[in-house]
Every structure is written in structure tokens, then in C-alpha cells.
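my_file.txt follows; it contains compact mmCIF, C-alpha atoms.
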```txt
# COMPACT_ATOMS: atom_id res chain seq x y z
CA MET I 239 19.37 -73.71 23.24
CA SER I 240 21.14 -72.54 26.37
CA GLU I 241 20.42 -69.24 28.09
CA VAL I 242 23.13 -66.62 28.01
CA ARG I 243 23.58 -64.04 30.74
CA LEU I 244 24.44 -60.47 29.74
CA ALA I 245 24.75 -57.28 31.76
CA ALA I 246 22.51 -54.53 30.33
CA GLU I 247 22.34 -50.83 31.14
CA GLN I 248 19.42 -48.42 30.82
CA ARG I 249 19.96 -45.70 28.18
CA THR I 250 18.82 -42.19 28.97
CA GLU I 251 20.02 -40.52 25.74
CA PHE I 252 18.34 -41.11 22.39
CA GLY I 253 18.88 -40.19 18.74
CA LYS I 254 21.70 -40.83 16.26
CA GLY I 255 24.34 -38.92 18.22
CA ALA I 256 23.55 -40.81 21.41
CA ALA I 257 23.61 -44.13 19.51
CA ARG I 258 27.05 -43.29 18.11
CA ARG I 259 28.33 -42.45 21.59
CA THR I 260 26.95 -45.76 22.88
CA ARG I 261 28.74 -47.67 20.12
CA ARG I 262 31.99 -45.75 20.70
CA ALA I 263 31.81 -46.90 24.33
CA GLY I 264 31.84 -50.53 23.13
CA LYS I 265 28.09 -51.07 23.56
CA ILE I 266 25.11 -51.71 21.27
CA PRO I 267 21.87 -49.70 21.50
CA ALA I 268 18.91 -52.03 22.10
CA VAL I 269 15.19 -51.85 22.81
CA LEU I 270 13.39 -54.38 25.02
CA TYR I 271 9.62 -54.62 24.54
CA GLY I 272 6.70 -57.02 24.97
CA HIS I 273 4.00 -58.20 27.40
CA GLY I 274 2.34 -54.79 27.25
CA SER I 275 5.19 -53.10 29.10
CA ASP I 276 6.74 -49.78 28.07
CA PRO I 277 9.80 -50.27 25.81
CA LYS I 278 13.10 -50.12 27.68
CA HIS I 279 16.09 -48.52 25.95
CA LEU I 280 19.21 -50.48 26.79
CA ALA I 281 22.92 -50.72 26.01
CA LEU I 282 24.43 -54.20 25.60
CA PRO I 283 28.14 -55.09 25.67
CA ALA I 284 29.08 -55.26 21.98
CA LEU I 285 31.74 -57.98 21.99
CA GLU I 286 29.76 -60.31 24.26
CA PHE I 287 26.55 -59.88 22.27
CA ALA I 288 28.35 -60.45 18.94
CA ARG I 289 29.76 -63.68 20.37
CA VAL I 290 26.26 -64.78 21.49
CA VAL I 291 24.86 -64.27 17.96
CA ARG I 292 27.83 -66.11 16.45
CA GLU I 293 27.46 -69.10 18.80
CA HIS I 294 23.67 -69.23 19.31
CA GLY I 295 22.27 -67.67 16.13
CA GLN I 296 19.80 -64.86 15.57
CA ASN I 297 17.20 -66.39 17.93
CA ALA I 298 19.44 -66.32 21.02
CA VAL I 299 17.63 -66.13 24.37
CA LEU I 300 19.31 -63.79 26.85
CA THR I 301 19.02 -63.45 30.60
CA LEU I 302 19.55 -59.72 31.03
CA ALA I 303 20.96 -58.51 34.34
CA LEU I 304 19.27 -55.12 34.61
CA ASP I 305 18.96 -52.84 37.65
CA GLY I 306 19.49 -55.71 40.07
CA ALA I 307 16.81 -57.88 38.42
CA SER I 308 16.78 -60.44 35.60
CA GLU I 309 14.74 -60.24 32.40
CA LEU I 310 14.40 -63.09 29.90
CA ALA I 311 14.57 -61.79 26.32
CA LEU I 312 14.51 -63.27 22.82
CA THR I 313 16.74 -61.66 20.19
CA LYS I 314 14.17 -60.52 17.61
CA THR I 315 16.01 -58.25 15.15
CA VAL I 316 19.74 -57.62 14.72
CA THR I 317 20.55 -54.64 12.47
CA THR I 318 24.06 -54.78 11.00
CA HIS I 319 25.89 -51.94 9.21
CA PRO I 320 25.73 -52.80 5.47
CA ILE I 321 29.38 -51.95 4.79
CA LYS I 322 31.33 -52.08 8.04
CA ASN I 323 29.49 -55.19 9.29
CA TYR I 324 29.21 -54.17 12.95
CA ILE I 325 25.93 -54.52 14.89
CA GLU I 326 24.11 -51.17 14.89
CA HIS I 327 20.97 -51.97 16.87
CA VAL I 328 19.09 -54.86 18.50
CA ASP I 329 15.39 -55.42 19.19
CA LEU I 330 14.66 -57.75 22.10
CA LEU I 331 11.33 -59.37 22.96
CA LEU I 332 10.44 -59.97 26.61
CA VAL I 333 9.55 -63.65 27.13
CA GLN I 334 8.62 -65.92 30.01
CA ARG I 335 9.57 -69.50 30.78
CA GLY I 336 7.19 -71.89 29.05
CA GLU I 337 6.00 -69.22 26.61
CA LYS I 338 5.63 -70.08 22.93
CA VAL I 339 7.22 -67.69 20.42
CA THR I 340 7.13 -67.46 16.62
CA VAL I 341 10.58 -67.35 15.03
CA GLU I 342 12.34 -67.89 11.70
CA VAL I 343 14.86 -70.72 11.81
CA PRO I 344 17.52 -71.48 9.15
CA LEU I 345 16.79 -74.45 6.89
CA VAL I 346 19.79 -76.67 6.13
CA ILE I 347 19.72 -79.16 3.24
CA SER I 348 21.93 -82.26 3.53
CA GLY I 349 22.62 -85.38 1.47
CA GLU I 350 22.96 -86.05 -2.25
CA PRO I 351 19.83 -86.65 -4.34
CA ALA I 352 19.62 -89.33 -7.06
CA SER I 353 22.17 -88.92 -9.85
CA GLY I 354 21.17 -86.84 -12.84
CA THR I 355 19.07 -84.44 -10.80
CA LEU I 356 19.14 -80.70 -10.16
CA VAL I 357 18.06 -79.30 -6.76
CA THR I 358 16.28 -75.95 -6.41
CA GLN I 359 15.91 -74.61 -2.86
CA ASP I 360 13.05 -72.10 -2.59
CA LEU I 361 13.20 -71.42 1.17
CA SER I 362 16.28 -70.76 3.30
CA THR I 363 14.33 -70.24 6.55
CA ILE I 364 11.15 -71.71 8.02
CA THR I 365 8.74 -70.02 10.44
CA ILE I 366 7.89 -72.12 13.48
CA GLU I 367 6.32 -71.75 16.90
CA ALA I 368 8.37 -73.17 19.74
CA ASP I 369 9.04 -72.83 23.45
CA ALA I 370 11.18 -69.72 23.98
CA LEU I 371 13.84 -71.80 25.73
CA ASN I 372 13.80 -74.64 23.18
CA ILE I 373 14.21 -72.90 19.84
CA PRO I 374 16.19 -75.14 17.45
CA ASP I 375 19.34 -73.63 15.93
CA GLN I 376 18.25 -74.95 12.53
CA ILE I 377 15.87 -77.34 10.78
CA GLU I 378 17.60 -80.07 8.76
CA LEU I 379 16.19 -81.67 5.62
CA SER I 380 17.87 -84.70 4.09
CA ILE I 381 17.43 -85.15 0.34
CA ALA I 382 19.68 -88.22 0.18
CA GLY I 383 18.62 -90.40 -2.76
CA VAL I 384 15.57 -88.28 -3.59
CA ALA I 385 14.37 -88.94 -7.15
CA ALA I 386 13.73 -86.42 -9.93
CA GLY I 387 10.22 -85.00 -9.89
CA THR I 388 10.08 -84.77 -6.08
CA GLN I 389 8.72 -81.64 -4.43
CA ILE I 390 9.11 -81.10 -0.69
CA HIS I 391 6.75 -78.64 1.00
CA ALA I 392 6.90 -77.03 4.43
CA SER I 393 4.32 -79.52 5.74
CA ASP I 394 6.71 -82.38 4.84
CA LEU I 395 9.46 -81.15 7.17
CA THR I 396 10.21 -83.04 10.38
CA LEU I 397 10.23 -80.50 13.21
CA PRO I 398 11.79 -80.97 16.65
CA GLU I 399 9.51 -82.09 19.47
CA GLY I 400 7.41 -79.19 20.76
CA ALA I 401 7.79 -77.11 17.58
CA THR I 402 4.95 -76.52 15.13
CA LEU I 403 4.86 -74.95 11.68
CA ALA I 404 3.71 -71.32 11.79
CA GLY I 405 4.12 -70.38 8.11
CA ASP I 406 2.42 -71.57 4.93
CA ALA I 407 2.20 -75.37 5.01
CA ASP I 408 1.99 -75.52 1.19
CA ALA I 409 5.12 -73.40 0.65
CA LEU I 410 7.61 -75.16 -1.64
CA VAL I 411 10.90 -75.82 0.15
CA VAL I 412 12.86 -77.91 -2.35
CA ALA I 413 12.24 -79.19 -5.88
CA VAL I 414 14.35 -82.02 -7.28
CA ASN I 415 14.21 -82.00 -11.08
CA GLU I 416 15.90 -83.94 -13.84
CA ALA I 417 19.18 -82.24 -14.76
CA PRO I 418 19.35 -81.07 -18.38
CA SER I 419 21.62 -83.24 -20.52
CA ALA I 420 24.61 -81.87 -22.41
CA ALA I 421 22.66 -82.35 -25.67
CA GLN I 422 19.74 -80.30 -24.34
CA LEU I 423 22.08 -77.51 -23.22
CA GLU I 424 23.79 -77.47 -26.63
CA GLY I 425 20.37 -77.37 -28.33
CA ASP I 426 19.33 -74.40 -26.17
CA GLU I 427 22.53 -72.53 -27.03
CA ALA I 428 22.09 -73.26 -30.75
CA ALA I 429 18.47 -72.09 -30.65
CA ALA I 430 19.35 -68.80 -28.96
CA PRO I 431 21.33 -67.25 -31.89
CA ALA I 432 18.67 -68.46 -34.34
CA GLU I 433 15.92 -66.73 -32.35
CA ALA I 434 18.00 -63.56 -32.17
CA THR I 435 18.44 -63.64 -35.99
CA GLU I 436 14.69 -64.08 -36.53
CA GLU I 437 13.92 -61.10 -34.29
CA SER I 438 16.45 -58.77 -35.98
```

Here is the file; what I need is its structure written in the form of C-alpha cells.
Amino acid sequence: MSEVRLAAEQRTEFGKGAARRTRRAGKIPAVLYGHGSDPKHLALPALEFARVVREHGQNAVLTLALDGASELALTKTVTTHPIKNYIEHVDLLLVQRGEKVTVEVPLVISGEPASGTLVTQDLSTITIEADALNIPDQIELSIAGVAAGTQIHASDLTLPEGATLAGDADALVVAVNEAPSAAQLEGDEAAAPAEATEES
């Protein structure tokens, strides 16, 4: 993951009205915290930050140009307006080079399992610990040719070099089951009205 440089400004006004004014000015209210330091209230350029999230994902690492100095920060939480879909607020975590951080990374399933199977994906993200400057964009899991009856747990995933599993190792990621046949489906549908009649 490459670092991205962004110009940040200190915010001196707080509250909903101030946040609205910040957004009207084309900026996003943000808070930078971590390493025992006092939280810093910042304003980030909205268009540039939105592009960073689009290109680098929710775990983007930023080099913030702030008051003539540089701060390295991990994007921790991005709050988006539920209807209008613009970024309302960002939480940033202060990090250092070589520091390990715990993050959630998207899980991407690829490949086609054995024929006649049905795939159930229980997890869409996986929690890992990785170097702040080497966070993978995603974890890939191939289920190509996997047979019915197979269960894949978090501990079975192949993680990139330097990354370790931080969540529950026994968590079920994917289950590959035998797909119900047309006859079974028809039997289920036939049984449903009969059960309803018995209950009434």
C-alpha cells in the first residue's frame, strides 16, 4: 500500500454548525489521535480524501502535511451520510513506520467450487495485524474445485507475508454444501402447504 500525502488544517470550531461550515468549504472534519497524544481536530480536503478511499480502501495510510510538519496516520473510521452518501467525518490513528496495527480487511472469494454445490460466505472481512505501511487491500480465498462438505475457517486463510490473524481463528469463513436437487426443492414446497393445513 502506497502512502498518500494530504494537506490538513487544524480546526478551531467544533459542534454540528462548525462541521457543516467545514463541509460547505469542501473539507471533511477529522480527528487524529493515538500514541497518548491529545486528539487533534482537523479538516481534510474532501475530494482528495474521497479519491484516496476509492483507490486505497478504508485502511489508507496518509502522510498529513500539518503546520509545517508531517504526521503518518491510518484511516480508522469513515462515517458516510446514510442517504446523500458524502463523507461526514473521519477518525485517523497516528502511526509510526514499522508499527503493527490491527485492521479489518475485505475478504474476496474467487473460483468455482465443484459442481452441484452451494457456497455460503459467513465473513466478508477478516481482522489481521500488519505493518502500518504494508496493509493488504484485501485477502483472497480461492474455492476453485472445492468439494461439498468443506468448511474453511479463518485459520485456513493464507495471509500476506508479515500479516497475522488477529480475530477468532475458529471463525467460519466459507461453507461449501451440496446444492439441493430440484426434487428436494419440489418436496419442500409440497410439504409447506400440508404443514399449513395441519396447523389451521

Could you give me, as an MDAnalysis selection string, the residues within 12 Å of I:Phe252, counting all atoms listed in the file and dropping anything in the same chain fewer than 5 positions from it? chainID I and resid 257:260 267:269 278:281

Please identify all polymer residues within 10 Å of stretch 371-380 of chain I, counting only C-alpha atoms, omitting same-chain residues fewer than 2 positions from it, and present them as a JSON list (two decimals) with C-alpha atoms, keeping the file's coordinate frame.
```json
[["chain", "number", "residue", "atom", "x", "y", "z"],
["I", 239, "MET", "CA", 19.37, -73.71, 23.24],
["I", 240, "SER", "CA", 21.14, -72.54, 26.37],
["I", 241, "GLU", "CA", 20.42, -69.24, 28.09],
["I", 293, "GLU", "CA", 27.46, -69.10, 18.80],
["I", 294, "HIS", "CA", 23.67, -69.23, 19.31],
["I", 295, "GLY", "CA", 22.27, -67.67, 16.13],
["I", 296, "GLN", "CA", 19.80, -64.86, 15.57],
["I", 297, "ASN", "CA", 17.20, -66.39, 17.93],
["I", 298, "ALA", "CA", 19.44, -66.32, 21.02],
["I", 299, "VAL", "CA", 17.63, -66.13, 24.37],
["I", 300, "LEU", "CA", 19.31, -63.79, 26.85],
["I", 310, "LEU", "CA", 14.40, -63.09, 29.90],
["I", 312, "LEU", "CA", 14.51, -63.27, 22.82],
["I", 333, "VAL", "CA", 9.55, -63.65, 27.13],
["I", 334, "GLN", "CA", 8.62, -65.92, 30.01],
["I", 335, "ARG", "CA", 9.57, -69.50, 30.78],
["I", 336, "GLY", "CA", 7.19, -71.89, 29.05],
["I", 337, "GLU", "CA", 6.00, -69.22, 26.61],
["I", 338, "LYS", "CA", 5.63, -70.08, 22.93],
["I", 339, "VAL", "CA", 7.22, -67.69, 20.42],
["I", 340, "THR", "CA", 7.13, -67.46, 16.62],
["I", 341, "VAL", "CA", 10.58, -67.35, 15.03],
["I", 342, "GLU", "CA", 12.34, -67.89, 11.70],
["I", 343, "VAL", "CA", 14.86, -70.72, 11.81],
["I", 344, "PRO", "CA", 17.52, -71.48, 9.15],
["I", 345, "LEU", "CA", 16.79, -74.45, 6.89],
["I", 346, "VAL", "CA", 19.79, -76.67, 6.13],
["I", 347, "ILE", "CA", 19.72, -79.16, 3.24],
["I", 348, "SER", "CA", 21.93, -82.26, 3.53],
["I", 349, "GLY", "CA", 22.62, -85.38, 1.47],
["I", 350, "GLU", "CA", 22.96, -86.05, -2.25],
["I", 351, "PRO", "CA", 19.83, -86.65, -4.34],
["I", 362, "SER", "CA", 16.28, -70.76, 3.30],
["I", 363, "THR", "CA", 14.33, -70.24, 6.55],
["I", 364, "ILE", "CA", 11.15, -71.71, 8.02],
["I", 366, "ILE", "CA", 7.89, -72.12, 13.48],
["I", 367, "GLU", "CA", 6.32, -71.75, 16.90],
["I", 368, "ALA", "CA", 8.37, -73.17, 19.74],
["I", 369, "ASP", "CA", 9.04, -72.83, 23.45],
["I", 382, "ALA", "CA", 19.68, -88.22, 0.18],
["I", 383, "GLY", "CA", 18.62, -90.40, -2.76],
["I", 384, "VAL", "CA", 15.57, -88.28, -3.59],
["I", 390, "ILE", "CA", 9.11, -81.10, -0.69],
["I", 394, "ASP", "CA", 6.71, -82.38, 4.84],
["I", 395, "LEU", "CA", 9.46, -81.15, 7.17],
["I", 396, "THR", "CA", 10.21, -83.04, 10.38],
["I", 397, "LEU", "CA", 10.23, -80.50, 13.21],
["I", 398, "PRO", "CA", 11.79, -80.97, 16.65],
["I", 399, "GLU", "CA", 9.51, -82.09, 19.47],
["I", 400, "GLY", "CA", 7.41, -79.19, 20.76],
["I", 401, "ALA", "CA", 7.79, -77.11, 17.58],
["I", 411, "VAL", "CA", 10.90, -75.82, 0.15],
["I", 412, "VAL", "CA", 12.86, -77.91, -2.35]]
```

One decimal place gives the atom CA of I:Tyr271-atom CA of I:Gly405 separation as 23.4 Å

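Here atom CA of I:Arg262 and atom CA of I:His327 stand 13.2 Å from one another.
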
For I:Ile381, which of I:Thr365, I:Ala417, I:Ser353, I:Val242 is the closest residue, counting all atoms listed in the file? I:Ser353

re atom CA of I:Glu251 and atom CA of I:Gly272: distance 21.2 Å

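Shortest separation to I:Arg243 among I:Pro283, I:Gly387, I:Gly354, I:Gly274 occurs at residue I:Pro283, atoms counted being all atoms listed in the file.
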